[in-house]
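Source file: work.cif (mmCIF, C-alpha atoms and all ligand atoms)
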data_upload
#
loop_
_atom_site.group_PDB
_atom_site.id
_atom_site.type_symbol
_atom_site.label_atom_id
_atom_site.label_comp_id
_atom_site.auth_asym_id
_atom_site.auth_seq_id
_atom_site.Cartn_x
_atom_site.Cartn_y
_atom_site.Cartn_z
ATOM 1 C CA MET C 1 94.585 90.902 107.973
ATOM 2 C CA SER C 2 96.450 87.756 107.137
ATOM 3 C CA SER C 3 93.375 86.267 105.525
ATOM 4 C CA GLN C 4 93.144 89.369 103.318
ATOM 5 C CA GLY C 5 96.743 88.792 102.303
ATOM 6 C CA GLU C 6 95.880 85.330 101.110
ATOM 7 C CA VAL C 7 92.954 86.648 99.129
ATOM 8 C CA HIS C 8 95.297 88.964 97.310
ATOM 9 C CA GLU C 9 97.977 86.375 96.754
ATOM 10 C CA SER C 10 96.014 83.741 94.958
ATOM 11 C CA PRO C 11 95.066 85.823 91.870
ATOM 12 C CA ARG C 12 98.713 86.888 91.583
ATOM 13 C CA GLN C 13 99.862 83.281 91.609
ATOM 14 C CA ALA C 14 97.252 82.439 89.061
ATOM 15 C CA GLY C 15 98.495 85.346 86.966
ATOM 16 C CA ARG C 16 102.032 83.923 87.029
ATOM 17 C CA ALA C 17 100.807 80.507 86.066
ATOM 18 C CA ARG C 18 98.829 81.976 83.200
ATOM 19 C CA ARG C 19 101.683 84.012 81.761
ATOM 20 C CA GLY C 20 102.736 82.683 78.382
ATOM 21 C CA LEU C 21 99.339 81.293 77.525
ATOM 22 C CA PRO C 22 98.110 82.201 74.077
ATOM 23 C CA CYS C 23 95.525 84.728 75.256
ATOM 24 C CA ARG C 24 96.448 86.784 72.263
ATOM 25 C CA VAL C 25 94.157 84.719 70.016
ATOM 26 C CA LEU C 26 91.238 86.449 71.676
ATOM 27 C CA GLY C 27 92.849 89.819 72.040
ATOM 28 C CA ALA C 28 91.753 89.894 75.689
ATOM 29 C CA CYS C 29 92.090 87.436 78.567
ATOM 30 C CA ALA C 30 88.609 86.864 79.924
ATOM 31 C CA PRO C 31 89.108 85.027 83.255
ATOM 32 C CA ALA C 32 86.294 82.574 82.568
ATOM 33 C CA LEU C 33 87.906 81.696 79.291
ATOM 34 C CA LEU C 34 91.276 81.136 80.897
ATOM 35 C CA ALA C 35 89.729 78.806 83.429
ATOM 36 C CA LEU C 36 88.436 76.760 80.546
ATOM 37 C CA VAL C 37 91.771 76.736 78.781
ATOM 38 C CA LEU C 38 93.569 75.703 81.961
ATOM 39 C CA ALA C 39 91.079 72.930 82.551
ATOM 40 C CA GLY C 40 92.448 71.146 79.505
ATOM 41 C CA CYS C 41 89.143 70.650 77.735
ATOM 42 C CA GLY C 42 89.667 67.024 76.685
ATOM 43 C CA THR C 43 91.039 65.864 73.378
ATOM 44 C CA VAL C 44 89.971 66.175 69.755
ATOM 45 C CA LYS C 45 89.669 62.761 68.176
ATOM 46 C CA GLY C 46 90.623 62.991 64.547
ATOM 47 C CA GLY C 47 88.623 59.944 63.498
ATOM 48 C CA ASP C 48 85.490 61.031 65.317
ATOM 49 C CA ASP C 49 83.790 61.930 62.091
ATOM 50 C CA VAL C 50 80.210 61.885 63.330
ATOM 51 C CA ASN C 51 80.997 64.658 65.779
ATOM 52 C CA LEU C 52 82.982 66.639 63.227
ATOM 53 C CA ILE C 53 80.164 66.353 60.697
ATOM 54 C CA ALA C 54 77.656 67.600 63.253
ATOM 55 C CA GLY C 55 80.117 70.335 64.164
ATOM 56 C CA LYS C 56 80.532 71.440 60.570
ATOM 57 C CA LYS C 57 76.784 71.562 59.955
ATOM 58 C CA ALA C 58 76.174 73.603 63.082
ATOM 59 C CA PHE C 59 79.128 75.872 62.312
ATOM 60 C CA VAL C 60 77.822 76.641 58.833
ATOM 61 C CA SER C 61 74.313 77.408 60.054
ATOM 62 C CA LYS C 62 75.114 79.194 63.335
ATOM 63 C CA CYS C 63 78.507 80.823 62.807
ATOM 64 C CA GLY C 64 79.264 81.036 59.062
ATOM 65 C CA SER C 65 77.142 84.129 58.405
ATOM 66 C CA CYS C 66 79.569 86.087 60.611
ATOM 67 C CA HIS C 67 82.840 84.151 60.297
ATOM 68 C CA ALA C 68 84.952 83.002 57.396
ATOM 69 C CA LEU C 69 86.468 79.530 57.771
ATOM 70 C CA ALA C 70 87.984 78.131 54.590
ATOM 71 C CA ARG C 71 87.327 74.442 55.306
ATOM 72 C CA ALA C 72 83.651 75.108 55.992
ATOM 73 C CA GLY C 73 83.345 77.327 52.913
ATOM 74 C CA THR C 74 81.876 80.174 54.986
ATOM 75 C CA LYS C 75 82.608 83.801 54.212
ATOM 76 C CA GLY C 76 80.911 85.950 56.828
ATOM 77 C CA ILE C 77 82.612 89.257 57.606
ATOM 78 C CA VAL C 78 80.870 90.459 60.799
ATOM 79 C CA GLY C 79 83.368 88.638 63.046
ATOM 80 C CA PRO C 80 87.038 87.785 62.556
ATOM 81 C CA ASN C 81 88.176 85.293 59.938
ATOM 82 C CA LEU C 82 88.794 82.209 62.098
ATOM 83 C CA ASP C 83 91.653 80.859 59.987
ATOM 84 C CA GLU C 84 93.492 84.151 60.456
ATOM 85 C CA ALA C 85 92.499 84.401 64.115
ATOM 86 C CA PHE C 86 94.308 81.172 64.996
ATOM 87 C CA ARG C 87 96.956 80.764 62.277
ATOM 88 C CA GLY C 88 99.812 82.613 63.968
ATOM 89 C CA SER C 89 99.363 80.916 67.336
ATOM 90 C CA ILE C 90 98.988 77.456 65.792
ATOM 91 C CA GLU C 91 102.164 77.987 63.768
ATOM 92 C CA GLU C 92 103.894 78.993 66.984
ATOM 93 C CA GLY C 93 102.879 75.698 68.561
ATOM 94 C CA LEU C 94 99.509 76.393 70.158
ATOM 95 C CA GLN C 95 97.850 72.993 70.680
ATOM 96 C CA ARG C 96 94.593 72.454 68.815
ATOM 97 C CA ASN C 97 93.118 71.213 72.090
ATOM 98 C CA THR C 98 93.689 74.666 73.460
ATOM 99 C CA VAL C 99 92.060 76.211 70.394
ATOM 100 C CA ARG C 100 89.064 74.047 71.139
ATOM 101 C CA GLY C 101 88.864 75.427 74.664
ATOM 102 C CA VAL C 102 89.180 78.975 73.343
ATOM 103 C CA VAL C 103 86.324 78.416 70.878
ATOM 104 C CA GLU C 104 84.094 76.864 73.543
ATOM 105 C CA GLY C 105 84.870 79.763 75.835
ATOM 106 C CA GLN C 106 84.124 82.327 73.138
ATOM 107 C CA ILE C 107 80.728 80.743 72.435
ATOM 108 C CA GLN C 108 79.822 80.705 76.143
ATOM 109 C CA PHE C 109 81.353 84.041 77.070
ATOM 110 C CA PRO C 110 81.565 86.337 74.050
ATOM 111 C CA ASN C 111 82.354 89.990 74.614
ATOM 112 C CA PRO C 112 79.030 91.297 76.025
ATOM 113 C CA GLU C 113 79.467 94.530 74.077
ATOM 114 C CA GLY C 114 80.370 92.721 70.864
ATOM 115 C CA ALA C 115 78.203 91.510 68.010
ATOM 116 C CA MET C 116 78.464 87.812 68.846
ATOM 117 C CA PRO C 117 75.362 86.436 70.603
ATOM 118 C CA LYS C 118 75.926 84.209 73.648
ATOM 119 C CA ASP C 119 75.261 80.447 73.652
ATOM 120 C CA LEU C 120 74.520 80.058 69.941
ATOM 121 C CA VAL C 121 75.103 76.347 70.446
ATOM 122 C CA LYS C 122 75.007 74.301 73.636
ATOM 123 C CA GLY C 123 75.803 70.868 75.017
ATOM 124 C CA SER C 124 77.120 68.322 72.543
ATOM 125 C CA THR C 125 76.649 70.755 69.639
ATOM 126 C CA LEU C 126 78.871 73.254 71.442
ATOM 127 C CA ARG C 127 81.546 70.584 71.800
ATOM 128 C CA ASP C 128 81.166 69.484 68.170
ATOM 129 C CA VAL C 129 81.431 73.015 66.768
ATOM 130 C CA ALA C 130 84.500 73.743 68.899
ATOM 131 C CA ALA C 131 86.082 70.442 67.815
ATOM 132 C CA TYR C 132 85.455 71.215 64.154
ATOM 133 C CA VAL C 133 86.889 74.726 64.332
ATOM 134 C CA ALA C 134 89.848 73.552 66.410
ATOM 135 C CA LYS C 135 90.675 70.771 63.990
ATOM 136 C CA PHE C 136 90.388 72.780 60.785
ATOM 137 C CA ALA C 137 91.192 76.435 61.523
ATOM 138 C CA ALA C 138 94.182 77.469 59.427
ATOM 139 C CA ARG C 139 94.574 73.919 58.110
ATOM 140 C CA PRO C 140 95.376 73.800 54.382
ATOM 141 C CA GLY C 141 93.484 71.511 52.019
ATOM 142 C CA LYS C 142 89.854 70.504 51.800
ATOM 143 C CA ASP C 143 87.455 68.479 53.895
ATOM 144 C CA THR C 144 87.252 64.912 52.616
ATOM 145 C CA GLY C 145 84.860 61.971 52.742
ATOM 146 C CA LEU C 146 81.526 62.451 54.493
ATOM 147 C CA LEU C 147 82.674 65.730 55.949
ATOM 148 C CA ALA C 148 83.030 67.161 52.439
ATOM 149 C CA SER C 149 79.361 66.478 51.638
ATOM 150 C CA ALA C 150 77.986 67.357 55.089
ATOM 151 C CA VAL C 151 76.824 70.738 53.844
ATOM 152 C CA GLU C 152 75.392 71.354 50.385
ATOM 153 C CA ALA C 153 77.502 73.476 48.025
ATOM 154 C CA PRO C 154 76.107 77.018 48.047
ATOM 155 C CA GLY C 155 74.122 77.949 44.941
ATOM 156 C CA ALA C 156 74.386 74.517 43.350
ATOM 157 C CA GLY C 157 70.640 73.810 43.290
ATOM 158 C CA LYS C 158 68.416 73.539 40.212
ATOM 159 C CA PRO C 159 67.895 76.844 38.366
ATOM 160 C CA ALA C 160 64.794 78.811 39.403
ATOM 161 C CA VAL C 161 62.227 79.161 36.616
ATOM 162 C CA GLU C 162 59.573 81.885 36.461
ATOM 163 C CA LYS C 163 55.992 80.592 36.121
ATOM 164 C CA GLY C 164 52.942 82.789 35.628
ATOM 165 C CA GLY C 165 54.874 85.914 36.552
ATOM 166 C CA LYS C 166 56.273 84.450 39.750
ATOM 167 C CA LEU C 167 59.930 83.621 40.337
ATOM 168 C CA SER C 168 60.917 81.978 43.610
ATOM 169 C CA ILE C 169 64.562 81.989 44.723
ATOM 170 C CA SER C 170 65.074 80.622 48.236
ATOM 171 C CA ALA C 171 67.854 81.713 50.544
ATOM 172 C CA SER C 172 70.047 78.846 51.775
ATOM 173 C CA PRO C 173 67.993 76.988 54.403
ATOM 174 C CA SER C 174 71.147 76.188 56.383
ATOM 175 C CA GLY C 175 72.069 79.849 56.788
ATOM 176 C CA GLN C 176 74.875 79.980 54.241
ATOM 177 C CA LEU C 177 75.468 83.298 52.503
ATOM 178 C CA ALA C 178 73.915 82.014 49.279
ATOM 179 C CA TYR C 179 70.651 81.369 47.523
ATOM 180 C CA VAL C 180 69.861 77.731 46.842
ATOM 181 C CA THR C 181 70.602 78.377 43.186
ATOM 182 C CA ASN C 182 72.768 80.885 41.360
ATOM 183 C CA LYS C 183 70.759 80.616 38.123
ATOM 184 C CA ALA C 184 67.258 81.759 37.202
ATOM 185 C CA THR C 185 65.265 82.248 34.019
ATOM 186 C CA ALA C 186 62.147 84.303 33.249
ATOM 187 C CA THR C 187 60.116 85.589 30.352
ATOM 188 C CA ALA C 188 59.937 89.348 29.729
ATOM 189 C CA GLY C 189 57.239 91.325 31.515
ATOM 190 C CA ALA C 190 56.107 92.035 35.048
ATOM 191 C CA ALA C 191 57.406 89.566 37.602
ATOM 192 C CA THR C 192 57.119 89.021 41.327
ATOM 193 C CA VAL C 193 60.395 87.717 42.695
ATOM 194 C CA GLU C 194 59.999 86.030 46.035
ATOM 195 C CA MET C 195 62.708 84.855 48.397
ATOM 196 C CA PRO C 196 61.650 82.329 51.012
ATOM 197 C CA ASN C 197 64.163 82.359 53.875
ATOM 198 C CA ILE C 198 63.642 79.737 56.575
ATOM 199 C CA SER C 199 67.072 80.398 58.093
ATOM 200 C CA GLY C 200 67.754 82.725 61.003
ATOM 201 C CA VAL C 201 70.135 84.850 58.913
ATOM 202 C CA SER C 202 68.641 88.074 57.567
ATOM 203 C CA HIS C 203 68.679 88.407 53.760
ATOM 204 C CA ASN C 204 66.910 90.238 50.985
ATOM 205 C CA ILE C 205 66.860 89.938 47.207
ATOM 206 C CA ALA C 206 67.624 92.768 44.806
ATOM 207 C CA ILE C 207 67.775 92.779 41.024
ATOM 208 C CA GLU C 208 70.103 94.812 38.847
ATOM 209 C CA THR C 209 70.873 94.900 35.142
ATOM 210 C CA GLY C 210 73.867 93.083 33.720
ATOM 211 C CA GLU C 211 76.014 90.261 34.977
ATOM 212 C CA GLY C 212 77.702 92.022 37.882
ATOM 213 C CA GLY C 213 78.733 88.959 39.857
ATOM 214 C CA ALA C 214 80.084 89.743 43.302
ATOM 215 C CA SER C 215 80.236 93.523 42.867
ATOM 216 C CA ALA C 216 77.623 96.120 41.927
ATOM 217 C CA LYS C 217 77.794 97.235 38.302
ATOM 218 C CA GLY C 218 74.357 97.657 36.774
ATOM 219 C CA ALA C 219 71.243 99.705 37.517
ATOM 220 C CA LYS C 220 69.018 98.460 40.313
ATOM 221 C CA LEU C 221 65.463 97.551 39.318
ATOM 222 C CA GLY C 222 64.234 96.921 42.826
ATOM 223 C CA ALA C 223 64.913 95.231 46.154
ATOM 224 C CA SER C 224 62.810 93.314 48.625
ATOM 225 C CA GLU C 225 62.671 93.975 52.352
ATOM 226 C CA PHE C 226 65.020 92.008 54.617
ATOM 227 C CA THR C 227 63.622 88.927 56.284
ATOM 228 C CA THR C 228 64.388 85.907 58.452
ATOM 229 C CA LYS C 229 62.086 82.888 58.806
ATOM 230 C CA SER C 230 59.666 84.357 56.276
ATOM 231 C CA THR C 231 59.340 85.277 52.594
ATOM 232 C CA ALA C 232 60.357 88.614 51.047
ATOM 233 C CA THR C 233 59.103 89.814 47.664
ATOM 234 C CA VAL C 234 59.978 92.438 45.086
ATOM 235 C CA HIS C 235 58.058 93.415 41.940
ATOM 236 C CA VAL C 236 60.051 94.182 38.818
ATOM 237 C CA THR C 237 59.457 94.624 35.103
ATOM 238 C CA LEU C 238 61.925 92.629 33.074
ATOM 239 C CA LYS C 239 63.072 93.146 29.505
ATOM 240 C CA PRO C 240 64.974 90.487 27.628
ATOM 241 C CA GLY C 241 68.587 90.408 28.789
ATOM 242 C CA THR C 242 70.824 89.394 31.649
ATOM 243 C CA TYR C 243 70.345 90.512 35.243
ATOM 244 C CA THR C 244 71.988 89.801 38.594
ATOM 245 C CA PHE C 245 69.995 88.923 41.693
ATOM 246 C CA PHE C 246 71.829 89.501 44.952
ATOM 247 C CA CYS C 247 71.538 90.069 48.687
ATOM 248 C CA GLU C 248 72.152 93.557 50.069
ATOM 249 C CA ALA C 249 73.137 92.511 53.617
ATOM 250 C CA PRO C 250 76.693 93.800 54.191
ATOM 251 C CA GLY C 251 79.237 91.353 52.845
ATOM 252 C CA HIS C 252 76.721 88.804 51.554
ATOM 253 C CA ARG C 253 77.076 89.569 47.859
ATOM 254 C CA GLN C 254 80.871 89.556 48.146
ATOM 255 C CA ALA C 255 80.603 86.213 49.953
ATOM 256 C CA GLY C 256 78.762 84.736 46.967
ATOM 257 C CA MET C 257 75.115 85.527 47.618
ATOM 258 C CA PHE C 258 74.198 86.357 44.045
ATOM 259 C CA GLY C 259 73.179 84.700 40.803
ATOM 260 C CA THR C 260 72.361 85.363 37.173
ATOM 261 C CA LEU C 261 68.816 85.874 35.888
ATOM 262 C CA THR C 262 68.351 85.367 32.176
ATOM 263 C CA VAL C 263 65.208 86.932 30.649
ATOM 264 C CA LYS C 264 63.909 85.909 27.229
HETATM 265 C C1 LIG C 301 76.303 87.772 64.645
HETATM 266 C C2 LIG C 301 77.669 87.484 64.253
HETATM 267 C C3 LIG C 301 78.410 86.331 64.914
HETATM 268 C C4 LIG C 301 78.019 85.020 65.002
HETATM 269 C C5 LIG C 301 76.704 84.404 64.506
HETATM 270 C C6 LIG C 301 79.114 84.315 65.600
HETATM 271 N N1 LIG C 301 80.135 85.173 65.883
HETATM 272 FE FE1 LIG C 301 81.950 84.690 66.671
HETATM 273 N N2 LIG C 301 82.466 86.633 66.724
HETATM 274 C C7 LIG C 301 81.707 87.672 66.252
HETATM 275 C C8 LIG C 301 82.393 88.928 66.540
HETATM 276 C C9 LIG C 301 81.905 90.321 66.162
HETATM 277 C C10 LIG C 301 83.590 88.595 67.198
HETATM 278 C C11 LIG C 301 84.652 89.562 67.742
HETATM 279 C C12 LIG C 301 84.784 89.524 69.239
HETATM 280 C C13 LIG C 301 83.527 89.664 70.033
HETATM 281 O O1 LIG C 301 82.697 90.503 69.720
HETATM 282 O O2 LIG C 301 83.336 88.880 71.001
HETATM 283 C C14 LIG C 301 83.600 87.136 67.297
HETATM 284 C C15 LIG C 301 84.645 86.410 67.850
HETATM 285 C C16 LIG C 301 84.769 85.041 67.749
HETATM 286 C C17 LIG C 301 85.951 84.283 68.110
HETATM 287 C C18 LIG C 301 87.255 84.865 68.594
HETATM 288 C C19 LIG C 301 88.139 85.143 67.415
HETATM 289 C C20 LIG C 301 89.347 85.964 67.737
HETATM 290 O O3 LIG C 301 89.914 86.579 66.827
HETATM 291 O O4 LIG C 301 89.734 86.027 68.900
HETATM 292 C C21 LIG C 301 85.668 82.967 67.891
HETATM 293 C C22 LIG C 301 86.588 81.784 68.120
HETATM 294 C C23 LIG C 301 84.303 82.909 67.418
HETATM 295 N N3 LIG C 301 83.787 84.176 67.350
HETATM 296 C C24 LIG C 301 83.652 81.734 67.099
HETATM 297 C C25 LIG C 301 82.310 81.670 66.741
HETATM 298 C C26 LIG C 301 81.577 80.432 66.598
HETATM 299 C C27 LIG C 301 82.155 79.056 66.728
HETATM 300 C C28 LIG C 301 80.292 80.788 66.277
HETATM 301 C C29 LIG C 301 79.094 79.878 66.080
HETATM 302 C C30 LIG C 301 78.693 79.097 67.205
HETATM 303 C C31 LIG C 301 80.236 82.236 66.194
HETATM 304 N N4 LIG C 301 81.471 82.729 66.502
HETATM 305 C C32 LIG C 301 79.117 82.955 65.833
HETATM 306 C C33 LIG C 301 80.500 87.581 65.608
HETATM 307 C C34 LIG C 301 79.746 86.421 65.491
HETATM 308 CU CU CU C 302 72.102 87.751 52.576
#
Give the structure from this file in structure tokens form.
Amino acid sequence: MSSQGEVHESPRQAGRARRGLPCRVLGACAPALLALVLAGCGTVKGGDDVNLIAGKKAFVSKCGSCHALARAGTKGIVGPNLDEAFRGSIEEGLQRNTVRGVVEGQIQFPNPEGAMPKDLVKGSTLRDVAAYVAKFAARPGKDTGLLASAVEAPGAGKPAVEKGGKLSISASPSGQLAYVTNKATATAGAATVEMPNISGVSHNIAIETGEGGASAKGAKLGASEFTTKSTATVHVTLKPGTYTFFCEAPGHRQAGMFGTLTVK
């Protein structure tokens, strides 16, 4: 009997010790996560740029399609905006070291019923991603130096040019919600628009009339199937004028996955 009493006492003590911890950032207090937070999780070295650069790259390719984080330039909407998720607690004094533990814990033990896959990154990449998010979540300003150029600017590539009826517009190879270019040109007539996508993020390519930008305005000419790690195609007949090419995955167009196609 007395041994049973001890078994019951230790979680209660732990509960007292845990009270006041910023569990709120996750909405729920997963015990495994708390263990990580309590363990201290080491320190984030501000000057450790190599790790932060690796962390940013991995964040953009593995996390950015679902999460917005201003410093990383990502705009995914499937999961919570990570600046907003941590802002309140950080302003109230939550240590960034603790944020780092929370992020590591979330990657290792996401809600099993939620949309976030487990173990998207592991080992040193796990530590680097957590360090990057912890350092820059809800931090005003812009990444500087090598960090700033660690990931290519979305859509900044050379314009795509139609040749022999074929127009190729690749999705961002690093998994950003963007095509490699936001400009394309073609001559009037039948065209096959292909979208190579070597990333693991599912995209398609659709074409509509007019310069709609981030929101739908014109009439849709056609749309490819969705694909990851393969090439999708759509056949359209183009008249001279301006069109918008865009991705129909939820939130992708709003996040900037579109461009202008000029037909002459
Ligand atoms: C497929 C979409 C998806 C991907 C990819 C993804 N997440 Fe998540 N994430 C979610 C969702 C949805 C939630 C909400 C809670 C849950 O389901 O666990 C979440 C929750 C979180 C939280 C908790 C935020 C809060 O408000 O408490 C953090 C931190 C987080 N994710 C970080 C990451 C990191 C870092 C990566 C990349 C290694 C990543 N996520 C990749 C969908 C995703
Ligand atoms: Cu997309």
Expand the PyMOL selection byres (((not hetatm)) within 6 of (chain C and resi 301)) into the explicit residue set it covers here, and present it as a PyMOL selection string. chain C and resi 25-27+59+62-63+66+78-80+85+103+106-107+110-111+114-116+120-121
Evaluate the PyMOL selection byres (((not hetatm)) within 7 of (chain C and resi 302)) and record the selected residues as a ChimeraX atom specification, following the chain and residue labels used in the document. /C:177-178,202-204,247-249,252,257
Residues within 7 Å of C:Tyr132, please, as JSON, numbers by chain. Count only C-alpha atoms; anything in the same chain fewer than 3 positions from it doesn't count. {"C": [52, 55, 56, 128, 129, 135, 136]}
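Selection check: the PyMOL selection byres (((chain C and resi 181) around 6) and not hetatm) on the shown file gives Gly155, Ala156, Gly157, Pro159, Tyr179, Val180, Asn182 and Lys183 of chain C.
Note that the spacing between atom CA of C:Leu261 and atom CA of C:Thr233 amounts to 15.8 Å.
The space separating atom CA of C:Gly251 from atom CA of C:Lys75 comes to 8.4 Å.
For the pair atom CA of C:Asp143 and atom CA of C:Arg71, the separation is 6.1 Å.
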